Amino acid sequence: MSFDIDVSHRRGGVVVGAAFQSGAGSTVLFGPSGVGKTSLLMMIAGLLRPDRGRICVAGRPLFDADRRINIAPEHRRAGVVFQDPRLFPHLSVRRNLLYGADGPTTLAEIATRLDIAHLLDRWPRTLSGGEARRVAIGRALLRKPDFLLLDEPLSSLDRTRREEAMQVIERVRDDMRLPMLIVTHDPEEAERLGGDQIIRL
Amino acid sequence: MSFDIDVSHRRGGVVVGAAFQSGAGSTVLFGPSGVGKTSLLMMIAGLLRPDRGRICVAGRPLFDADRRINIAPEHRRAGVVFQDPRLFPHLSVRRNLLYGADGPTTLAEIATRLDIAHLLDRWPRTLSGGEARRVAIGRALLRKPDFLLLDEPLSSLDRTRREEAMQVIERVRDDMRLPMLIVTHDPEEAERLGGDQIIRL
Amino acid sequence: MTDELQAIVRLSLLIGGVATIGTLPIAFALAWLLARGRFPGKILLDGIVHLPLVVPPVVTGWLLLLAFAPTGPLGNLLERWFGVSILFRWTGAAVAAAIMALPLMVRAIRLSIEGVDQRLEQAARTLGAGPWRTFATITLPLALPGILAAAMLGFARSLGEFGATITFVSNVPGETQTLPLAIYAALQRPGGEAMVWKLAAISIMLSLVALIVSELLGRRQGRRLHVL
Amino acid sequence: MTDELQAIVRLSLLIGGVATIGTLPIAFALAWLLARGRFPGKILLDGIVHLPLVVPPVVTGWLLLLAFAPTGPLGNLLERWFGVSILFRWTGAAVAAAIMALPLMVRAIRLSIEGVDQRLEQAARTLGAGPWRTFATITLPLALPGILAAAMLGFARSLGEFGATITFVSNVPGETQTLPLAIYAALQRPGGEAMVWKLAAISIMLSLVALIVSELLGRRQGRRLHVL
Amino acid sequence: AAQRAPLVLAAASMQEALSAAADEWAKQGHGRPVLSFAASSALARQAAAGAPADLFLSADQEWMDDLEKRGLLVAGTRADLVGNRLVVVAAPGQQAVVALRGKALGQRLAKGRLAMADPDAVPAGRYGKAALGRLGAWDTVAPRVIRAENVRAALALVQRGAAPYGIVYGTDARLAPELRVAGVFPPKSHAPIVYPLARLKSGRSGEAEQFRRFLLSDRGRQIMRRFGFTNP
Ligand SMILES: Nc1ncnc2c1ncn2[C@@H]1O[C@H](COP(=O)(O)OP(=O)(O)OP(=O)(O)O)[C@@H](O)[C@H]1O
Ligand SMILES: Nc1ncnc2c1ncn2[C@@H]1O[C@H](COP(=O)(O)OP(=O)(O)OP(=O)(O)O)[C@@H](O)[C@H]1O
Ligand code: MOO
Ligand SMILES: [Mg+2]
Ligand SMILES: [Mg+2]
């Protein structure tokens, strides 16, 4: 089982959360704006503490309120693409990409596939919206994560770049057989990346 | 003629810019990531000074390097939705929406149509990605602009919200006959909002 | 608290308050210039603003004395235009406190102006706000935590100012004898320790109150700006 | 410049440098606690840190004297454990300068830590960086402009420190006689003005150099962070 | 109409004595004079800048000379108010009597320090340096000297045990009963220690002259003596 999740968390007046289990490969998270998709991803990444419940990814318990398990975010080995790029403004694109990497082994390959090889020596603030998004995807992949959490990773990308990025993600999913949770509003994207595992919040 | 534009600007190593004229109604700006769509919108809004050329919207010259015309951004009467929401963090959602408005006349209507009426008393940092985007759209519309510049306004919105926002924008376009320049990567959106006026960069 | 003590405290608060409030707009203008301006001689201006920090207070006091003496350039002007002199007056003590507080206030405000995201100012401009309205409704409130910190720093520094004050406007009870000067006087008396402790306790309490107020105001402001 | 002057300048730089560098980590730790910590008594800690700013320098010097005198609690310890005394030594002057500079440095650093976007720190955590690496590679560099400003402020303040130094470690030529103390001595003599001007010019120049260096470093750092 | 009370600029070491005199004066039905105590140098500079003060009471002649040269004194009003003695005080536990002539003091100090006001700037220090020089003690003592900002700071250093011995005025020593006077400098070993008083031209009070005379009167001097000052 990839994701085995049952959590809830009170934010302001509303309670967000979800309970689902999903099989190997990727799972798509679908739901209206404000329903709590980002919150759920943050809980799985370890950045938002659930009020109750448990989180288990690929058989590894990451959080369990009852058993007092709460793995620190840096030990969860998640590859997270945030809804906003969150690039480090004081590091070059290259050093952003390598921040979580063990070595520069696959930098060139991933940079080429995401069409950001020409941007490596630039500063984040000079990137266009789509360029920043691709760097954020690259950074999460280069970390060699155990699983991926992608919050609308392909928004603000044009057709070609979207296709390229989607192929990179698919390769990671298929070659490395990584569990993957993807938030998207695009049915076509959902279909292709999630197959039949679609969770509606 | 809605937009009559011929500008260029050097950014780092590349020169971005465009030259086109478009008729009444809305025009869609289409092009790969990093080609200069956002830069062009910033030039029309008056936030980035072109190195050369001229900008004329609905017959009004906003910038002309040769005639030394350069209207200040606050007098261009543009309604801008930026690629990132850029909400004012120290103002409530309500005061964000009303920041450029003459009076609260249409606040309730637009808030309802954009499904943000329940968020009016919240602070921007508590909004989800799609909620913030809708507030940004509402803020630009409430300014009662002479023309609209929308940088991927519907990304990160789910189907329903996207449909609602699209209808609001269409109404503004049709009822008030506002010139409108929209950046989008979605062909369906392009088709519906831009009709046949599609500029490819 | 005796009447005499009360008078000293009132005077200190008056001088500190006037110095802080009077300096705030000047400090803000300078901070703005230094944060946003691009002009030749900017580093020089920065240097001049910092002088009261490096030059020993007694020297600052002495220079103020030279400037505001009846024959000095500023004293002469004040005398001719308004017929007043600030020598030996509480106004002079406020001037000394203000000058000593200025560099601290400018630094704090400058840091916070530099922290304001200029893309928000751009958004305000497109919403029809001219440079002034943008400044008043976006830049100023976003820089407010720093401005509060600056006011607090300035007030605290004013309450503690000693060297420049005693050199410039002397140690006149009821007019220029602030808490630090009274403490100094007590410290000069062998056996004056009890008085020193009492006065020091009062000035510590005053500044703690100022601190707590600015801290609470700053928190209220900060809560809105920062992601929890 | 005469040998004597050179010695004074060297001593001032030594004391200012040691005070600044020594205080920086302490100031940073305190600023961190105040910016990020949530603990009871936080405002109290804030207040204590600010004390040297409000309490007149002579009183601070006097308190230091009480503490470090051979019979004082700290002086006693130093004497027994290490067999040293910092009274009348340049190390004592550095301690006085450090204490006076501390509140300024804490404020500047605190403002810049509060300005660091914590969402970036979160991103670093998901990329495998533990709290320490996150701190060293994200928080620290992003707060660097403020830290530079703090170091510069602290250094300038140390160069100008007078009241606490002379009260605590007196005016020993070659050991504790820094520029301000030399200036003060010259100011005590009728006709000492020429010497005052010369010494003041030197201290102004020193701090302008420090200022320009920190300004240029800060700019280089700032360029990366801010949208032009 | 109520008379405007005089503003007196006075050397810090006169604090207790002059305050007592002012109280006495006020008891006689006058407005209490306003007294501003600071270092003589600071006060002299303020007077020289034309600050509106009525009387100046300096701790030494030099600053008064300076003002006189500048023509800021009302002619004929300068007079020496009081005199003082210079003594060596010893911290508790130190040998209570020490010879001031020759190397005795230097040897007694050994590794300890001698606290005194700055011998190159502050009056008390200059007197001390001159006296030690005349007595042949300066050369051995000089390396052990701690220069304080003023006499009272030097006194505090001895009181705190930071220095075993200190050179202060006789009046200061009286205010610190826990310290012993270990030696008194012979008056001939230094220039006479006198506190000159004069009226300033910038003064605005009508009572300044009267108060000046009161201070110089027998009654005034009697009060000064109570605090250990001598006749000039
Ligand atoms: N300061 C700069 N230095 C160098 N290059 C820059 C700078 N600012 C922008 N650019 C480049 O200018 C180009 C145009 O950027 P712009 O943001 O207009 O692209 P865009 O068409 O909006 O792209 P997207 O669809 O990804 O948002 C990009 O290639 C970007 O990298
Ligand atoms: N501090 C807060 N106070 C009140 N409500 C909050 C707070 N933080 C988040 N929320 C609310 O929690 C809900 C879930 O937010 P979340 O960001 O998870 O939504 P989402 O599903 O990712 O939406 P989107 O598709 O728009 O990004 C939203 O309704 C949001 O307004
Ligand atoms: O002016 Mo004083 O009283 O010698 O220190
Ligand atoms: Mg979201
Ligand atoms: Mg763009």
# chains A, B, ... in the order shown; residues from 1 in each chain; ligands from 1
>>> select_by_dssp(residues="segment 11-201 of chain B", states="strand (DSSP E)", output="JSON, numbers by chain")
{"B": [11, 14, 15, 16, 17, 18, 19, 20, 21, 22, 26, 27, 28, 29, 30, 52, 53, 54, 55, 56, 57, 60, 61, 62, 63, 64, 69, 70, 78, 79, 80, 81, 147, 148, 149, 150, 151, 180, 181, 182, 183, 198, 199, 200]}
>>> residues_near_ligand(ligand="ligand 2", cutoff="10 Å", atoms="only C-alpha atoms and all ligand atoms", output="PyMOL selection string")
(chain A and resi 9-17+29-43+83-84+151-152+183-185+201) or (chain B and resi 116+118-119+122-134+155-158+161) or (chain C and resi 227-228)
>>> write_last_selection(atoms="C-alpha atoms", output="tab-separated table (two decimals), in the first residue's frame")
chain	number	residue	atom	x	y	z
A	9	HIS	CA	-6.74	19.16	11.58
A	10	ARG	CA	-8.69	22.21	12.61
A	11	ARG	CA	-7.82	25.37	10.59
A	12	GLY	CA	-9.68	28.45	11.66
A	13	GLY	CA	-13.34	27.50	11.60
A	14	VAL	CA	-13.11	24.43	9.39
A	15	VAL	CA	-11.73	20.96	9.89
A	16	VAL	CA	-9.63	19.66	7.05
A	17	GLY	CA	-8.40	16.14	6.60
A	29	LEU	CA	-6.08	14.35	-5.12
A	30	PHE	CA	-9.04	16.13	-6.58
A	31	GLY	CA	-11.28	18.66	-4.94
A	32	PRO	CA	-12.57	22.20	-4.92
A	33	SER	CA	-10.43	25.13	-3.89
A	34	GLY	CA	-10.11	25.47	-0.14
A	35	VAL	CA	-11.18	21.93	0.68
A	36	GLY	CA	-7.83	21.11	2.28
A	37	LYS	CA	-5.64	19.49	-0.36
A	38	THR	CA	-2.58	21.59	0.44
A	39	SER	CA	-3.17	21.11	4.16
A	40	LEU	CA	-3.22	17.34	3.67
A	41	LEU	CA	0.06	17.41	1.75
A	42	MET	CA	1.64	19.54	4.48
A	43	MET	CA	0.55	17.01	7.08
A	83	GLN	CA	1.94	25.29	-4.62
A	84	ASP	CA	4.25	28.33	-4.75
A	151	ASP	CA	0.77	20.42	-5.30
A	152	GLU	CA	-0.45	21.44	-8.75
A	183	VAL	CA	-3.01	17.65	-6.56
A	184	THR	CA	-4.38	18.80	-9.90
A	185	HIS	CA	-7.46	20.45	-11.32
A	201	LEU	CA	-12.05	15.52	-1.17
B	116	ILE	CA	-15.18	34.44	-1.72
B	118	HIS	CA	-17.26	33.86	3.24
B	119	LEU	CA	-13.63	34.95	3.28
B	122	ARG	CA	-9.95	36.67	6.86
B	123	TRP	CA	-6.29	37.58	6.53
B	124	PRO	CA	-4.58	36.77	3.22
B	125	ARG	CA	-2.03	34.41	4.81
B	126	THR	CA	-4.84	32.06	5.83
B	127	LEU	CA	-6.16	31.62	2.28
B	128	SER	CA	-5.60	28.56	0.15
B	129	GLY	CA	-3.94	28.98	-3.26
B	130	GLY	CA	-7.19	29.11	-5.19
B	131	GLU	CA	-8.88	31.39	-2.68
B	132	ALA	CA	-6.06	33.92	-2.95
B	133	ARG	CA	-6.20	33.81	-6.72
B	134	ARG	CA	-9.94	34.57	-6.69
B	155	SER	CA	-4.61	28.47	-12.89
B	156	SER	CA	-4.94	26.67	-9.55
B	157	LEU	CA	-8.75	26.86	-9.72
B	158	ASP	CA	-10.91	23.79	-9.78
B	161	ARG	CA	-14.52	27.89	-9.53
C	227	VAL	CA	2.93	32.90	8.48
C	228	LEU	CA	2.50	31.18	11.79
>>> residues_around(residues="Leu193 of chain B", least_positions_apart="2", cutoff="12 Å", atoms="only C-alpha atoms", output="count of residues only")
35
>>> residues_around(residues="segment 99-115 of chain A", least_positions_apart="5", cutoff="6 Å", atoms="only C-alpha atoms", output="list in words")
Leu142, Arg143 and Ala165 of chain A; Leu127 of chain D
>>> residues_around(residues="segment 81-89 of chain D", least_positions_apart="4", cutoff="9 Å", atoms="only C-alpha atoms", output="list in words")
Leu65, Phe68, Ala69, Pro70, Gly75, Asn76, Leu77, Ala93, Ala94, Val95, Phe168, Val169, Ser170, Asn171, Val172, Glu175 and Thr176 of chain D; Ile146 and Ala162 of chain E
>>> atom_distance(atom1="atom CA of Pro164 of chain E", atom2="atom CA of Leu179 of chain E")
10.1 Å
>>> residues_near_ligand(ligand="ligand 3", cutoff="6 Å", atoms="only C-alpha atoms and all ligand atoms", output="mmCIF file with N, CA, C and O atoms, in the first residue's frame")
data_model
loop_
_atom_site.group_PDB
_atom_site.id
_atom_site.type_symbol
_atom_site.label_atom_id
_atom_site.label_comp_id
_atom_site.auth_asym_id
_atom_site.auth_seq_id
_atom_site.Cartn_x
_atom_site.Cartn_y
_atom_site.Cartn_z
ATOM 1 N N ALA E 11 31.892 73.176 40.171
ATOM 2 C CA ALA E 11 32.645 71.930 40.053
ATOM 3 C C ALA E 11 31.965 70.838 40.866
ATOM 4 O O ALA E 11 31.457 71.089 41.968
ATOM 5 N N ALA E 12 31.977 69.621 40.329
ATOM 6 C CA ALA E 12 31.228 68.523 40.937
ATOM 7 C C ALA E 12 31.648 68.279 42.383
ATOM 8 O O ALA E 12 30.829 67.893 43.221
ATOM 9 N N SER E 13 32.907 68.548 42.692
ATOM 10 C CA SER E 13 33.374 68.259 44.057
ATOM 11 C C SER E 13 32.783 69.223 45.089
ATOM 12 O O SER E 13 32.942 69.024 46.279
ATOM 13 N N ALA E 39 31.872 68.575 35.547
ATOM 14 C CA ALA E 39 33.313 68.808 35.556
ATOM 15 C C ALA E 39 33.568 70.273 35.227
ATOM 16 O O ALA E 39 32.868 70.866 34.412
ATOM 17 N N SER E 40 34.572 70.856 35.883
ATOM 18 C CA SER E 40 34.876 72.265 35.650
ATOM 19 C C SER E 40 35.055 72.556 34.165
ATOM 20 O O SER E 40 34.627 73.595 33.668
ATOM 21 N N ALA E 59 37.043 74.351 39.867
ATOM 22 C CA ALA E 59 37.886 73.572 40.771
ATOM 23 C C ALA E 59 39.344 73.942 40.614
ATOM 24 O O ALA E 59 40.189 73.450 41.336
ATOM 25 N N VAL E 122 42.619 66.380 34.591
ATOM 26 C CA VAL E 122 41.730 66.791 35.680
ATOM 27 C C VAL E 122 42.536 67.486 36.790
ATOM 28 O O VAL E 122 43.617 67.016 37.145
ATOM 29 N N PRO E 123 42.043 68.603 37.334
ATOM 30 C CA PRO E 123 42.789 69.364 38.341
ATOM 31 C C PRO E 123 43.362 68.504 39.460
ATOM 32 O O PRO E 123 44.573 68.556 39.728
ATOM 33 N N ALA E 124 42.530 67.684 40.084
ATOM 34 C CA ALA E 124 43.007 66.890 41.218
ATOM 35 C C ALA E 124 44.197 66.026 40.810
ATOM 36 O O ALA E 124 45.148 65.847 41.577
ATOM 37 N N ASN E 150 37.383 61.569 37.272
ATOM 38 C CA ASN E 150 37.469 62.684 38.205
ATOM 39 C C ASN E 150 37.818 62.132 39.592
ATOM 40 O O ASN E 150 37.942 60.925 39.780
ATOM 41 N N VAL E 151 37.988 63.031 40.561
ATOM 42 C CA VAL E 151 38.412 62.579 41.890
ATOM 43 C C VAL E 151 37.459 61.587 42.494
ATOM 44 O O VAL E 151 37.870 60.616 43.120
#
>>> residues_around(residues="Gly130 of chain D", least_positions_apart="4", cutoff="8 Å", atoms="only C-alpha atoms", output="JSON, numbers by chain")
{"A": [74], "D": [125, 134]}
>>> write_last_selection(atoms="N, CA and C atoms", output="CSV table (one decimal), in the first residue's frame")
chain,number,residue,atom,x,y,z
A,74,GLU,N,12.6,16.3,7.9
A,74,GLU,CA,13.8,16.0,7.1
A,74,GLU,C,14.1,14.5,7.0
D,125,ARG,N,13.6,21.9,5.1
D,125,ARG,CA,13.4,20.7,5.9
D,125,ARG,C,12.9,19.5,5.1
D,134,THR,N,19.4,23.7,8.1
D,134,THR,CA,18.4,24.7,7.7
D,134,THR,C,18.8,26.0,8.2
>>> atom_distance(atom1="atom CA of Pro119 of chain E", atom2="atom CA of Ala131 of chain E")
10.8 Å
>>> residues_around(residues="Leu91 of chain A", least_positions_apart="5", cutoff="12 Å", atoms="only C-alpha atoms", output="compact mmCIF listing (two decimals) with N, CA, C and O atoms, in the first residue's frame")
# COMPACT_ATOMS: atom_id res chain seq x y z
N ARG A 86 8.73 28.53 -3.83
CA ARG A 86 9.58 28.52 -2.64
C ARG A 86 11.05 28.24 -2.94
O ARG A 86 11.70 27.47 -2.23
N ASN A 96 20.06 25.71 -5.78
CA ASN A 96 18.71 25.33 -5.37
C ASN A 96 18.45 23.88 -5.74
O ASN A 96 17.96 23.10 -4.92
N LEU A 97 18.81 23.53 -6.98
CA LEU A 97 18.54 22.17 -7.45
C LEU A 97 19.30 21.13 -6.62
O LEU A 97 18.78 20.06 -6.31
N LEU A 98 20.54 21.48 -6.27
CA LEU A 98 21.38 20.50 -5.57
C LEU A 98 21.17 20.50 -4.06
O LEU A 98 21.81 19.72 -3.36
N TYR A 99 20.29 21.39 -3.57
CA TYR A 99 20.19 21.55 -2.13
C TYR A 99 19.92 20.23 -1.41
O TYR A 99 20.51 19.95 -0.37
N LEU A 120 20.86 27.48 -15.10
CA LEU A 120 21.55 27.03 -13.89
C LEU A 120 22.29 28.13 -13.13
O LEU A 120 22.39 28.08 -11.92
N ASP A 121 22.83 29.11 -13.84
CA ASP A 121 23.62 30.13 -13.15
C ASP A 121 22.82 31.39 -12.85
O ASP A 121 23.38 32.41 -12.46
N ARG A 122 21.52 31.32 -13.03
CA ARG A 122 20.69 32.50 -12.76
C ARG A 122 20.24 32.53 -11.30
O ARG A 122 20.30 31.54 -10.58
N TRP A 123 19.77 33.72 -10.86
CA TRP A 123 19.17 33.84 -9.53
C TRP A 123 17.67 33.64 -9.63
O TRP A 123 17.06 34.08 -10.61
N PRO A 124 17.07 33.03 -8.63
CA PRO A 124 15.63 32.74 -8.69
C PRO A 124 14.76 33.95 -9.05
O PRO A 124 13.78 33.82 -9.78
N ARG A 125 15.14 35.15 -8.54
CA ARG A 125 14.23 36.28 -8.76
C ARG A 125 14.16 36.67 -10.24
O ARG A 125 13.29 37.44 -10.62
N LEU D 120 10.41 29.15 3.56
CA LEU D 120 11.64 28.67 2.93
C LEU D 120 12.34 27.67 3.83
O LEU D 120 12.92 26.69 3.37
N THR D 137 22.17 27.14 6.37
CA THR D 137 22.17 27.39 4.92
C THR D 137 21.02 28.30 4.48
O THR D 137 21.08 28.86 3.38
N ILE D 138 19.99 28.43 5.28
CA ILE D 138 18.85 29.25 4.86
C ILE D 138 18.70 30.47 5.77
O ILE D 138 18.84 31.61 5.33
N PRO D 141 22.10 32.89 6.14
CA PRO D 141 22.40 33.76 5.00
C PRO D 141 21.29 34.76 4.70
O PRO D 141 21.58 35.89 4.30
N LEU D 142 20.04 34.38 4.91
CA LEU D 142 18.97 35.33 4.62
C LEU D 142 18.96 36.47 5.64
O LEU D 142 18.51 37.57 5.34
N GLN D 221 24.98 41.30 -0.78
CA GLN D 221 24.03 40.31 -0.28
C GLN D 221 22.62 40.69 -0.70
O GLN D 221 21.84 39.87 -1.15
N ARG D 223 21.49 42.48 -3.14
CA ARG D 223 21.16 42.40 -4.56
C ARG D 223 20.53 41.07 -4.90
O ARG D 223 19.66 40.96 -5.75
N ARG D 224 21.02 40.03 -4.21
CA ARG D 224 20.49 38.71 -4.54
C ARG D 224 19.06 38.54 -4.07
O ARG D 224 18.30 37.80 -4.65
N LEU D 225 18.76 39.19 -2.96
CA LEU D 225 17.48 38.88 -2.33
C LEU D 225 16.34 39.72 -2.87
O LEU D 225 15.21 39.28 -2.92
>>> interface_residues(of="chain D", to="chain C", cutoff="6 Å", atoms="only C-alpha atoms", output="number ranges by chain")
D: 47, 53-56, 156-157, 159-160, 180, 208
>>> write_last_selection(atoms="N, CA and C atoms", output="tab-separated table (two decimals), in the first residue's frame")
chain	number	residue	atom	x	y	z
D	47	GLY	N	13.84	42.88	28.09
D	47	GLY	CA	14.12	44.05	28.91
D	47	GLY	C	15.55	44.06	29.41
D	53	LEU	N	21.21	50.07	27.31
D	53	LEU	CA	20.83	51.20	26.48
D	53	LEU	C	20.20	52.31	27.33
D	54	VAL	N	19.44	51.94	28.32
D	54	VAL	CA	18.70	52.90	29.12
D	54	VAL	C	19.48	53.39	30.33
D	55	VAL	N	20.17	52.46	30.94
D	55	VAL	CA	20.94	52.85	32.11
D	55	VAL	C	22.11	53.72	31.64
D	56	PRO	N	22.35	54.84	32.29
D	56	PRO	CA	23.45	55.69	31.85
D	56	PRO	C	24.77	54.91	31.88
D	156	ALA	N	30.77	50.37	15.67
D	156	ALA	CA	30.72	51.82	15.80
D	156	ALA	C	30.46	52.21	17.25
D	157	ARG	N	29.52	51.54	17.87
D	157	ARG	CA	29.21	51.85	19.26
D	157	ARG	C	30.41	51.58	20.15
D	159	LEU	N	33.56	51.72	19.30
D	159	LEU	CA	34.56	52.76	19.07
D	159	LEU	C	34.21	54.03	19.82
D	160	GLY	N	32.91	54.27	20.01
D	160	GLY	CA	32.49	55.51	20.66
D	160	GLY	C	32.28	55.38	22.16
D	180	PRO	N	37.94	57.66	22.49
D	180	PRO	CA	37.06	58.56	23.23
D	180	PRO	C	37.68	59.01	24.55
D	208	LEU	N	33.80	55.51	9.36
D	208	LEU	CA	33.33	55.61	7.98
D	208	LEU	C	33.83	54.41	7.17
>>> closest_residue(among="E:Arg78, E:Arg108, E:Arg70, E:Arg212", to="Ala22 of chain E", atoms="only C-alpha atoms")
E:Arg212
>>> atom_distance(atom1="atom CA of Val57 of chain B", atom2="atom CA of Asp4 of chain B")
6.2 Å
>>> select_by_dssp(residues="segment 36-203 of chain C", states="helix (DSSP H, G or I)", output="JSON, numbers by chain")
{"C": [36, 42, 43, 44, 45, 46, 47, 48, 49, 50, 51, 52, 53, 54, 57, 58, 59, 60, 61, 62, 63, 64, 65, 66, 67, 68, 73, 74, 75, 76, 77, 78, 79, 80, 81, 82, 90, 91, 92, 93, 94, 95, 96, 97, 98, 99, 100, 101, 102, 103, 104, 105, 106, 107, 108, 109, 110, 111, 112, 113, 114, 118, 119, 120, 121, 122, 123, 124, 125, 126, 131, 132, 133, 134, 135, 136, 137, 138, 139, 140, 141, 142, 143, 144, 145, 146, 147, 148, 149, 150, 151, 152, 153, 154, 155, 156, 157, 158, 159, 160, 163, 164, 165, 166, 167, 168, 169, 179, 180, 181, 182, 183, 184, 185, 186, 187, 193, 194, 195, 196, 197, 198, 199, 200, 201, 202, 203]}
>>> interface_residues(of="chain E", to="chain D", cutoff="7 Å", atoms="only C-alpha atoms", output="JSON, numbers by chain")
{"E": [41, 63, 66, 121, 122, 146, 147, 148, 149, 153, 160, 161, 162]}
>>> closest_residue(among="D:Leu74, D:Leu140, D:Val9, D:Ala98", to="chain A", atoms="only C-alpha atoms")
D:Leu140
